[in-house]
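upload-v8.tsv (TSV, C-alpha atoms)
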chain	number	residue	atom	x	y	z
A	1	MET	CA	-1.37	-22.69	-5.82
A	2	GLU	CA	-2.97	-20.49	-3.21
A	3	ARG	CA	-6.61	-20.98	-4.11
A	4	ALA	CA	-7.82	-21.87	-0.63
A	5	ILE	CA	-9.55	-19.07	1.20
A	6	SER	CA	-7.87	-18.51	4.54
A	7	ASP	CA	-8.16	-15.78	7.07
A	8	LYS	CA	-5.34	-13.87	5.37
A	9	ASN	CA	-5.03	-13.12	1.66
A	10	ILE	CA	-1.82	-12.94	-0.39
A	11	LEU	CA	-1.43	-9.19	0.20
A	12	ASP	CA	-1.93	-9.61	3.96
A	13	LYS	CA	0.73	-12.31	4.22
A	14	PHE	CA	3.15	-10.24	2.18
A	15	VAL	CA	2.64	-7.20	4.39
A	16	ILE	CA	2.92	-9.22	7.60
A	17	ASP	CA	6.16	-10.92	6.53
A	18	PHE	CA	7.70	-7.69	5.26
A	19	THR	CA	6.78	-5.42	8.16
A	20	LYS	CA	7.96	-8.02	10.71
A	21	ILE	CA	11.47	-7.39	9.39
A	22	VAL	CA	11.22	-3.64	8.75
A	23	GLU	CA	10.01	-2.84	12.25
A	24	LYS	CA	13.22	-4.18	13.77
A	25	TYR	CA	15.14	-1.37	12.08
A	26	VAL	CA	12.91	1.59	11.40
A	27	LYS	CA	9.58	3.24	12.11
A	28	TYR	CA	7.19	2.69	9.18
A	29	ILE	CA	3.64	3.23	8.06
A	30	ILE	CA	1.50	1.56	5.44
A	31	VAL	CA	-0.43	4.19	3.47
A	32	SER	CA	-2.74	4.63	0.50
A	33	GLY	CA	-4.72	1.92	-1.29
A	34	PHE	CA	-3.97	-1.02	0.98
A	35	VAL	CA	-5.46	0.84	3.95
A	36	SER	CA	-8.91	0.83	2.36
A	37	ILE	CA	-8.44	-2.63	0.84
A	38	SER	CA	-7.63	-4.08	4.27
A	39	HIS	CA	-10.96	-2.65	5.42
A	40	GLY	CA	-12.89	-4.48	2.74
A	41	ARG	CA	-12.67	-2.19	-0.27
A	42	THR	CA	-12.97	-4.43	-3.34
A	43	ARG	CA	-10.48	-3.11	-5.81
A	44	GLY	CA	-7.17	-4.39	-7.02
A	45	THR	CA	-3.68	-3.34	-6.22
A	46	GLU	CA	-0.39	-4.89	-7.08
A	47	ASP	CA	1.65	-2.79	-4.74
A	48	ILE	CA	1.54	-1.67	-1.13
A	49	ASP	CA	2.90	1.75	-0.19
A	50	MET	CA	5.19	2.21	2.78
A	51	ILE	CA	6.84	5.32	4.21
A	52	ILE	CA	9.82	4.93	6.52
A	53	GLU	CA	11.90	7.27	8.66
A	54	LYS	CA	15.11	8.41	7.08
A	55	ILE	CA	17.82	6.16	8.49
A	56	SER	CA	21.58	5.97	8.02
A	57	LEU	CA	23.12	3.92	5.25
A	58	ASP	CA	24.54	1.48	7.78
A	59	LYS	CA	21.17	0.85	9.33
A	60	PHE	CA	19.58	0.53	5.90
A	61	LYS	CA	22.22	-2.03	4.90
A	62	SER	CA	21.25	-4.16	7.89
A	63	LEU	CA	17.58	-3.89	6.97
A	64	HIS	CA	18.26	-4.75	3.33
A	65	PHE	CA	20.42	-7.75	4.20
A	66	GLU	CA	17.76	-9.15	6.47
A	67	LEU	CA	15.12	-8.66	3.79
A	68	GLU	CA	17.35	-10.55	1.35
A	69	LYS	CA	17.97	-13.30	3.88
A	70	ASN	CA	14.20	-13.67	4.16
A	71	ASN	CA	13.71	-14.06	0.44
A	72	PHE	CA	12.86	-10.51	-0.56
A	73	GLU	CA	14.67	-8.63	-3.30
A	74	CYS	CA	14.70	-5.07	-4.57
A	75	MET	CA	13.63	-4.56	-8.17
A	76	GLN	CA	16.01	-1.65	-8.72
A	77	SER	CA	19.25	-3.19	-7.45
A	78	SER	CA	20.72	-5.81	-5.16
A	79	LYS	CA	23.24	-3.33	-3.71
A	80	ALA	CA	22.15	-1.60	-0.52
A	81	GLU	CA	24.13	1.52	-1.41
A	82	ASP	CA	22.35	1.91	-4.76
A	83	ILE	CA	18.95	1.37	-3.18
A	84	TYR	CA	19.76	3.89	-0.46
A	85	ASP	CA	20.68	6.44	-3.15
A	86	TYR	CA	17.24	6.08	-4.70
A	87	LEU	CA	15.60	6.67	-1.34
A	88	ALA	CA	17.85	9.60	-0.45
A	89	ARG	CA	16.92	11.23	-3.78
A	90	LYS	CA	13.27	10.92	-2.71
A	91	ASP	CA	12.58	8.20	-5.24
A	92	SER	CA	10.79	5.04	-4.24
A	93	VAL	CA	12.13	1.50	-4.33
A	94	ARG	CA	10.19	-1.72	-4.81
A	95	TYR	CA	10.68	-5.04	-3.07
A	96	ILE	CA	9.16	-8.36	-4.09
A	97	ARG	CA	9.51	-11.92	-2.89
A	98	LYS	CA	12.24	-13.66	-4.88
A	99	GLY	CA	10.80	-15.54	-7.81
A	100	GLU	CA	7.39	-13.86	-7.62
A	101	PHE	CA	6.14	-10.99	-9.75
A	102	LEU	CA	3.57	-9.72	-7.29
A	103	PRO	CA	2.81	-8.12	-4.93
A	104	GLU	CA	5.37	-5.32	-4.44
A	105	MET	CA	6.23	-3.15	-1.47
A	106	GLU	CA	6.93	0.40	-2.63
A	107	ILE	CA	9.04	2.19	-0.04
A	108	LYS	CA	9.89	5.87	0.37
A	109	PHE	CA	11.64	7.94	2.98
A	110	VAL	CA	9.68	10.69	4.73
A	111	LYS	CA	9.93	13.79	2.62
A	112	ASP	CA	8.32	16.65	4.52
A	113	GLU	CA	6.47	17.79	7.63
A	114	LEU	CA	3.36	16.03	6.42
A	115	ASP	CA	5.07	12.66	6.21
A	116	LEU	CA	6.57	13.25	9.65
A	117	LEU	CA	3.08	13.93	10.97
A	118	GLN	CA	1.82	10.75	9.32
A	119	LEU	CA	4.52	8.76	11.07
A	120	SER	CA	3.99	10.41	14.44
A	121	THR	CA	0.21	9.77	14.31
A	122	ARG	CA	0.45	6.21	13.05
A	123	GLN	CA	-2.00	3.65	14.38
A	124	LYS	CA	-2.74	-0.03	14.55
A	125	LEU	CA	-6.19	-0.53	13.05
A	126	PRO	CA	-7.81	-3.65	14.54
A	127	LEU	CA	-10.67	-3.55	12.02
A	128	SER	CA	-8.09	-4.29	9.31
A	129	GLY	CA	-7.37	-7.66	10.94
A	130	LEU	CA	-3.66	-6.88	10.74
A	131	ASP	CA	-1.11	-6.11	13.44
A	132	VAL	CA	0.78	-3.53	11.37
A	133	TRP	CA	1.24	0.24	11.55
A	134	PHE	CA	-0.95	2.33	9.27
A	135	SER	CA	-1.26	6.04	8.76
A	136	SER	CA	-4.41	7.24	10.51
A	137	ILE	CA	-7.80	6.97	8.87
A	138	GLU	CA	-8.05	10.77	8.91
A	139	MET	CA	-4.75	11.00	6.98
A	140	ASN	CA	-5.94	8.54	4.39
A	141	ILE	CA	-9.26	10.30	3.90
A	142	ALA	CA	-7.60	13.73	3.68
A	143	PHE	CA	-5.04	12.62	1.08
A	144	LYS	CA	-7.64	10.92	-1.06
A	145	GLU	CA	-10.12	13.78	-0.96
A	146	GLU	CA	-7.68	16.69	-1.19
A	147	LEU	CA	-4.67	15.51	-3.17
A	148	LEU	CA	-5.33	12.33	-5.14
A	149	LYS	CA	-9.00	12.85	-6.03
A	150	SER	CA	-9.41	10.15	-8.71
A	151	ASP	CA	-12.73	8.29	-8.79
A	152	LYS	CA	-10.99	5.33	-7.21
A	153	ASP	CA	-9.51	7.46	-4.41
A	154	LEU	CA	-12.76	9.25	-3.63
A	155	GLU	CA	-14.46	5.87	-3.40
A	156	ASP	CA	-11.70	4.65	-1.06
A	157	ALA	CA	-12.35	7.69	1.14
A	158	LYS	CA	-16.09	7.11	1.04
A	159	HIS	CA	-15.58	3.48	2.05
A	160	LEU	CA	-13.39	4.47	5.02
A	161	ARG	CA	-15.83	7.20	6.08
A	162	ILE	CA	-18.63	4.63	6.25
A	163	ILE	CA	-16.53	2.03	8.10
A	164	TYR	CA	-15.35	4.58	10.66
A	165	GLU	CA	-18.53	6.62	10.86
A	166	ASP	CA	-18.61	8.58	14.17
A	167	LYS	CA	-15.04	7.52	14.98
A	168	ILE	CA	-13.08	10.01	12.89
A	169	SER	CA	-12.13	13.57	13.68
A	170	GLU	CA	-13.38	15.99	11.03
A	171	SER	CA	-11.29	18.78	12.51
A	172	PHE	CA	-8.14	16.65	12.13
A	173	ILE	CA	-9.07	15.90	8.51
A	174	LYS	CA	-9.52	19.61	7.92
A	175	ASP	CA	-6.09	20.39	9.45
A	176	ILE	CA	-4.40	17.71	7.36
A	177	LYS	CA	-6.02	19.07	4.21
A	178	LYS	CA	-4.60	22.48	5.08
A	179	MET	CA	-1.14	20.93	5.35
A	180	ILE	CA	-1.63	19.12	2.05
A	181	ARG	CA	-2.44	22.41	0.37
A	182	LYS	CA	0.68	23.94	1.92
A	183	TYR	CA	3.23	21.16	1.45
A	184	ARG	CA	2.01	19.23	-1.58
A	185	LEU	CA	-0.14	21.59	-3.59
A	186	LYS	CA	1.98	24.61	-2.57
A	187	ILE	CA	-1.09	26.79	-2.05
A	188	LYS	CA	-0.59	29.51	0.55
B	1	MET	CA	-18.25	4.44	-16.73
B	2	ARG	CA	-18.87	5.45	-13.12
B	3	ASP	CA	-22.50	6.45	-12.83
B	4	LYS	CA	-24.57	6.92	-9.69
B	5	SER	CA	-25.17	3.18	-9.34
B	6	HIS	CA	-21.43	2.64	-8.91
B	7	ILE	CA	-21.10	4.90	-5.86
B	8	GLN	CA	-24.29	3.37	-4.48
B	9	GLN	CA	-22.63	-0.04	-4.70
B	10	VAL	CA	-19.50	1.33	-2.98
B	11	GLU	CA	-21.72	2.56	-0.14
B	12	ARG	CA	-23.73	-0.68	0.03
B	13	TRP	CA	-20.62	-2.80	0.22
B	14	ALA	CA	-19.01	-0.54	2.86
B	15	GLU	CA	-22.16	-0.87	5.01
B	16	PHE	CA	-21.98	-4.66	4.60
B	17	CYS	CA	-18.32	-4.65	5.73
B	18	LYS	CA	-19.14	-2.44	8.70
B	19	ASN	CA	-22.08	-4.57	9.81
B	20	ASN	CA	-20.58	-7.97	9.05
B	21	PRO	CA	-16.93	-7.69	10.12
B	22	SER	CA	-16.41	-11.46	10.31
B	23	GLU	CA	-18.24	-12.18	7.07
B	24	PHE	CA	-16.84	-9.85	4.43
B	25	ARG	CA	-13.28	-11.19	4.45
B	26	LYS	CA	-14.07	-14.45	2.70
B	27	TYR	CA	-15.44	-12.53	-0.30
B	28	LEU	CA	-12.62	-10.00	-0.21
B	29	ASN	CA	-9.86	-12.61	0.08
B	30	ALA	CA	-11.21	-14.65	-2.82
B	31	PHE	CA	-11.36	-11.53	-4.96
B	32	LEU	CA	-7.88	-10.23	-4.06
B	33	ASN	CA	-6.21	-13.62	-4.31
B	34	ALA	CA	-7.80	-14.28	-7.69
B	35	GLN	CA	-6.44	-11.02	-9.06
B	36	ILE	CA	-2.92	-11.68	-7.84
B	37	ILE	CA	-2.95	-15.32	-8.97
B	38	LYS	CA	-4.25	-14.45	-12.45
B	39	ALA	CA	-1.68	-11.67	-12.83
B	40	ARG	CA	1.14	-14.00	-11.73
B	41	GLU	CA	-0.01	-16.65	-14.21
B	42	PHE	CA	0.07	-14.05	-16.96
B	43	TYR	CA	3.56	-12.82	-16.06
B	44	THR	CA	4.79	-16.42	-15.87
B	45	ARG	CA	3.43	-17.06	-19.40
B	46	LEU	CA	5.21	-13.93	-20.61
B	47	ASN	CA	8.43	-15.05	-18.94
B	48	ASN	CA	8.33	-18.37	-20.81
B	49	SER	CA	9.13	-16.84	-24.21
B	50	GLU	CA	11.80	-14.47	-25.48
B	51	ASP	CA	9.25	-12.01	-26.88
B	52	GLY	CA	7.37	-12.25	-23.60
B	53	ARG	CA	10.49	-11.44	-21.60
B	54	VAL	CA	11.00	-8.32	-23.74
B	55	ILE	CA	7.48	-7.21	-22.88
B	56	LEU	CA	8.05	-8.02	-19.21
B	57	ASN	CA	11.17	-5.85	-19.16
B	58	LYS	CA	9.25	-2.98	-20.77
B	59	LEU	CA	6.51	-3.31	-18.17
B	60	LYS	CA	9.09	-3.38	-15.40
B	61	ALA	CA	10.91	-0.35	-16.80
B	62	GLU	CA	7.64	1.57	-16.99
B	63	LYS	CA	6.83	0.68	-13.42
B	64	LEU	CA	10.22	1.76	-12.12
B	65	LYS	CA	9.85	5.15	-13.81
B	66	LYS	CA	7.08	6.01	-11.32
As structure tokens - that is how I would like this structure written.
Amino acid sequence: MERAISDKNILDKFVIDFTKIVEKYVKYIIVSGFVSISHGRTRGTEDIDMIIEKISLDKFKSLHFELEKNNFECMQSSKAEDIYDYLARKDSVRYIRKGEFLPEMEIKFVKDELDLLQLSTRQKLPLSGLDVWFSSIEMNIAFKEELLKSDKDLEDAKHLRIIYEDKISESFIKDIKKMIRKYRLKIK
Amino acid sequence: MRDKSHIQQVERWAEFCKNNPSEFRKYLNAFLNAQIIKAREFYTRLNNSEDGRVILNKLKAEKLKK
């Protein structure tokens, strides 16, 4: 049982192992709750959110087979074609390690200009202690303050604002919020 | 209920993380691991009985609706 405290926690190891495979096939970003959690935010999550570029079925099959070979499985189906259908319909799919209930990687394809911007402005965040691609801190703050807005999300944003005080671009956050209103909230 | 003291704690902890980057992880990792481990233990207990497996399937179905 993993009760020893090491440098990396269970979520970290899961993300590291999963992204090591994904990045061979497709551009990805980790978004949402895990971004703030990897910067010290003390709240729970049982899944990690990932957005990937839209790739061809053939390329996705290769990715899926390698994930399976490395002991990951998709909760929705074992067939790459079925899983690809979910993604193409803009639904998410969830992968877990075989034989384990948690954690889960929830994956979606990019769905609009905003997601494309998230991917194109992705960053490695050394303060997270992880060598993985995240959406930018500004993106995370903007989504949490403008779209999600639950108590938990506003606290996540507050946490990130304090960690990255003086390092974030308020004008970029403002621009992203404008795009959120346009593409997600459909406000002109 | 989230009163003012809650957000004050969020801010206090964030300042601690910012000012003690090599220190905070041991507390965070213990917390996160404990949550995952406890949840896994619970799901394993559920999986050990027929009634439990029914509940597990309902939980899974609910999750996959999202």
Shell around segment 152-157 of chain A at 10 Å using all atoms listed in the file, local window under 4 positions removed, as a VMD selection string = (chain A and resid 32 to 37 39 to 43 137 to 138 140 to 148 161 to 163) or (chain B and resid 2 6 to 7 10 to 11 14)
Would you export the selected residues with C-alpha atoms as a PDB file, in the frame of the given file, please?
ATOM      1  CA  SER A  32      -2.740   4.630   0.500  1.00  0.00           C
ATOM      2  CA  GLY A  33      -4.720   1.920  -1.290  1.00  0.00           C
ATOM      3  CA  PHE A  34      -3.970  -1.020   0.980  1.00  0.00           C
ATOM      4  CA  VAL A  35      -5.460   0.840   3.950  1.00  0.00           C
ATOM      5  CA  SER A  36      -8.910   0.830   2.360  1.00  0.00           C
ATOM      6  CA  ILE A  37      -8.440  -2.630   0.840  1.00  0.00           C
ATOM      7  CA  HIS A  39     -10.960  -2.650   5.420  1.00  0.00           C
ATOM      8  CA  GLY A  40     -12.890  -4.480   2.740  1.00  0.00           C
ATOM      9  CA  ARG A  41     -12.670  -2.190  -0.270  1.00  0.00           C
ATOM     10  CA  THR A  42     -12.970  -4.430  -3.340  1.00  0.00           C
ATOM     11  CA  ARG A  43     -10.480  -3.110  -5.810  1.00  0.00           C
ATOM     12  CA  ILE A 137      -7.800   6.970   8.870  1.00  0.00           C
ATOM     13  CA  GLU A 138      -8.050  10.770   8.910  1.00  0.00           C
ATOM     14  CA  ASN A 140      -5.940   8.540   4.390  1.00  0.00           C
ATOM     15  CA  ILE A 141      -9.260  10.300   3.900  1.00  0.00           C
ATOM     16  CA  ALA A 142      -7.600  13.730   3.680  1.00  0.00           C
ATOM     17  CA  PHE A 143      -5.040  12.620   1.080  1.00  0.00           C
ATOM     18  CA  LYS A 144      -7.640  10.920  -1.060  1.00  0.00           C
ATOM     19  CA  GLU A 145     -10.120  13.780  -0.960  1.00  0.00           C
ATOM     20  CA  GLU A 146      -7.680  16.690  -1.190  1.00  0.00           C
ATOM     21  CA  LEU A 147      -4.670  15.510  -3.170  1.00  0.00           C
ATOM     22  CA  LEU A 148      -5.330  12.330  -5.140  1.00  0.00           C
ATOM     23  CA  ARG A 161     -15.830   7.200   6.080  1.00  0.00           C
ATOM     24  CA  ILE A 162     -18.630   4.630   6.250  1.00  0.00           C
ATOM     25  CA  ILE A 163     -16.530   2.030   8.100  1.00  0.00           C
TER      26      ILE A 163
ATOM     27  CA  ARG B   2     -18.870   5.450 -13.120  1.00  0.00           C
ATOM     28  CA  HIS B   6     -21.430   2.640  -8.910  1.00  0.00           C
ATOM     29  CA  ILE B   7     -21.100   4.900  -5.860  1.00  0.00           C
ATOM     30  CA  VAL B  10     -19.500   1.330  -2.980  1.00  0.00           C
ATOM     31  CA  GLU B  11     -21.720   2.560  -0.140  1.00  0.00           C
ATOM     32  CA  ALA B  14     -19.010  -0.540   2.860  1.00  0.00           C
TER      33      ALA B  14
END
Taking all atoms listed in the file into account, which residues of chain B are within 6 Å of chain A, as a list in words?
->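 Close enough to count are Ala14, Lys18, Asn29 and Asn33 of chain B.
Atom pair atom CA of Tyr84 of chain A / atom CA of Lys69 of chain A: separated by 17.8 Å.
From atom CA of Glu81 of chain A back to atom CA of Glu23 of chain A, the distance works out to 20.1 Å.
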Atomic separation - atom CA of Thr19 of chain A relative to atom CA of Glu66 of chain A, Å | 11.7 Å
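Distances from A:Val15, A:Leu57, A:Leu63, A:Leu125 to Arg97 of chain A were compared using all atoms listed in the file, and the smallest one belongs to A:Val15.
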From A:Ile96, A:Val132, A:Leu116, A:Val22, residue lying nearest Glu73 of chain A [only C-alpha atoms] |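 Among the listed residues, the smallest separation from Glu73 of chain A belongs to A:Ile96.
With all atoms listed in the file as the atoms that count, the residue of A:Val110, A:Leu117, A:Phe72, A:Lys90 with the shortest distance to Asp175 of chain A is A:Leu117.
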Which of these residues is nearest to Ser135 of chain A, using all atoms listed in the file: A:Ser150, A:Asn70, A:Ser171, A:Gln123?
->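 The answer is A:Gln123, which sits nearest to Ser135 of chain A.
Protein and nucleic acid residues near (0.0, -5.4, 9.7) are Ile16, Leu130, Asp131 and Val132 of chain A, the criterion being any atom at most 6 Å away using only C-alpha atoms.
For the point (10.6, -9.0, -18.9), the residues with at least one atom inside 10 Å, counting all atoms listed in the file, are Tyr43, Thr44, Leu46, Asn47, Asn48, Ser49, Glu50, Asp51, Gly52, Arg53, Val54, Ile55, Leu56, Asn57, Lys58, Leu59, Lys60 and Ala61 of chain B.
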Restore N, CA and C atoms in segment 63-75 of chain A and list the result as a PDB file, in the frame of the given file.
ATOM      1  N   LEU A  63      18.971  -3.601   7.340  1.00  0.00           N
ATOM      2  CA  LEU A  63      17.580  -3.890   6.970  1.00  0.00           C
ATOM      3  C   LEU A  63      17.540  -4.650   5.638  1.00  0.00           C
ATOM      4  N   HIS A  64      18.272  -4.141   4.664  1.00  0.00           N
ATOM      5  CA  HIS A  64      18.260  -4.750   3.330  1.00  0.00           C
ATOM      6  C   HIS A  64      18.779  -6.187   3.382  1.00  0.00           C
ATOM      7  N   PHE A  65      19.846  -6.400   4.135  1.00  0.00           N
ATOM      8  CA  PHE A  65      20.420  -7.750   4.200  1.00  0.00           C
ATOM      9  C   PHE A  65      19.443  -8.737   4.845  1.00  0.00           C
ATOM     10  N   GLU A  66      18.730  -8.239   5.848  1.00  0.00           N
ATOM     11  CA  GLU A  66      17.760  -9.150   6.470  1.00  0.00           C
ATOM     12  C   GLU A  66      16.584  -9.430   5.542  1.00  0.00           C
ATOM     13  N   LEU A  67      16.180  -8.433   4.782  1.00  0.00           N
ATOM     14  CA  LEU A  67      15.120  -8.660   3.790  1.00  0.00           C
ATOM     15  C   LEU A  67      15.573  -9.703   2.770  1.00  0.00           C
ATOM     16  N   GLU A  68      16.816  -9.578   2.331  1.00  0.00           N
ATOM     17  CA  GLU A  68      17.350 -10.550   1.350  1.00  0.00           C
ATOM     18  C   GLU A  68      17.420 -11.943   1.947  1.00  0.00           C
ATOM     19  N   LYS A  69      17.843 -11.995   3.201  1.00  0.00           N
ATOM     20  CA  LYS A  69      17.970 -13.300   3.880  1.00  0.00           C
ATOM     21  C   LYS A  69      16.594 -13.981   3.995  1.00  0.00           C
ATOM     22  N   ASN A  70      15.562 -13.152   4.041  1.00  0.00           N
ATOM     23  CA  ASN A  70      14.200 -13.670   4.160  1.00  0.00           C
ATOM     24  C   ASN A  70      13.465 -13.700   2.827  1.00  0.00           C
ATOM     25  N   ASN A  71      14.241 -13.776   1.761  1.00  0.00           N
ATOM     26  CA  ASN A  71      13.710 -14.060   0.440  1.00  0.00           C
ATOM     27  C   ASN A  71      13.011 -12.882  -0.250  1.00  0.00           C
ATOM     28  N   PHE A  72      13.345 -11.681   0.157  1.00  0.00           N
ATOM     29  CA  PHE A  72      12.860 -10.510  -0.560  1.00  0.00           C
ATOM     30  C   PHE A  72      13.995  -9.936  -1.392  1.00  0.00           C
ATOM     31  N   GLU A  73      13.654  -9.299  -2.498  1.00  0.00           N
ATOM     32  CA  GLU A  73      14.670  -8.630  -3.300  1.00  0.00           C
ATOM     33  C   GLU A  73      14.127  -7.309  -3.817  1.00  0.00           C
ATOM     34  N   CYS A  74      15.084  -6.389  -4.073  1.00  0.00           N
ATOM     35  CA  CYS A  74      14.700  -5.070  -4.570  1.00  0.00           C
ATOM     36  C   CYS A  74      14.734  -5.099  -6.091  1.00  0.00           C
ATOM     37  N   MET A  75      13.704  -4.538  -6.719  1.00  0.00           N
ATOM     38  CA  MET A  75      13.630  -4.560  -8.170  1.00  0.00           C
ATOM     39  C   MET A  75      14.681  -3.665  -8.818  1.00  0.00           C
TER      40      MET A  75
END
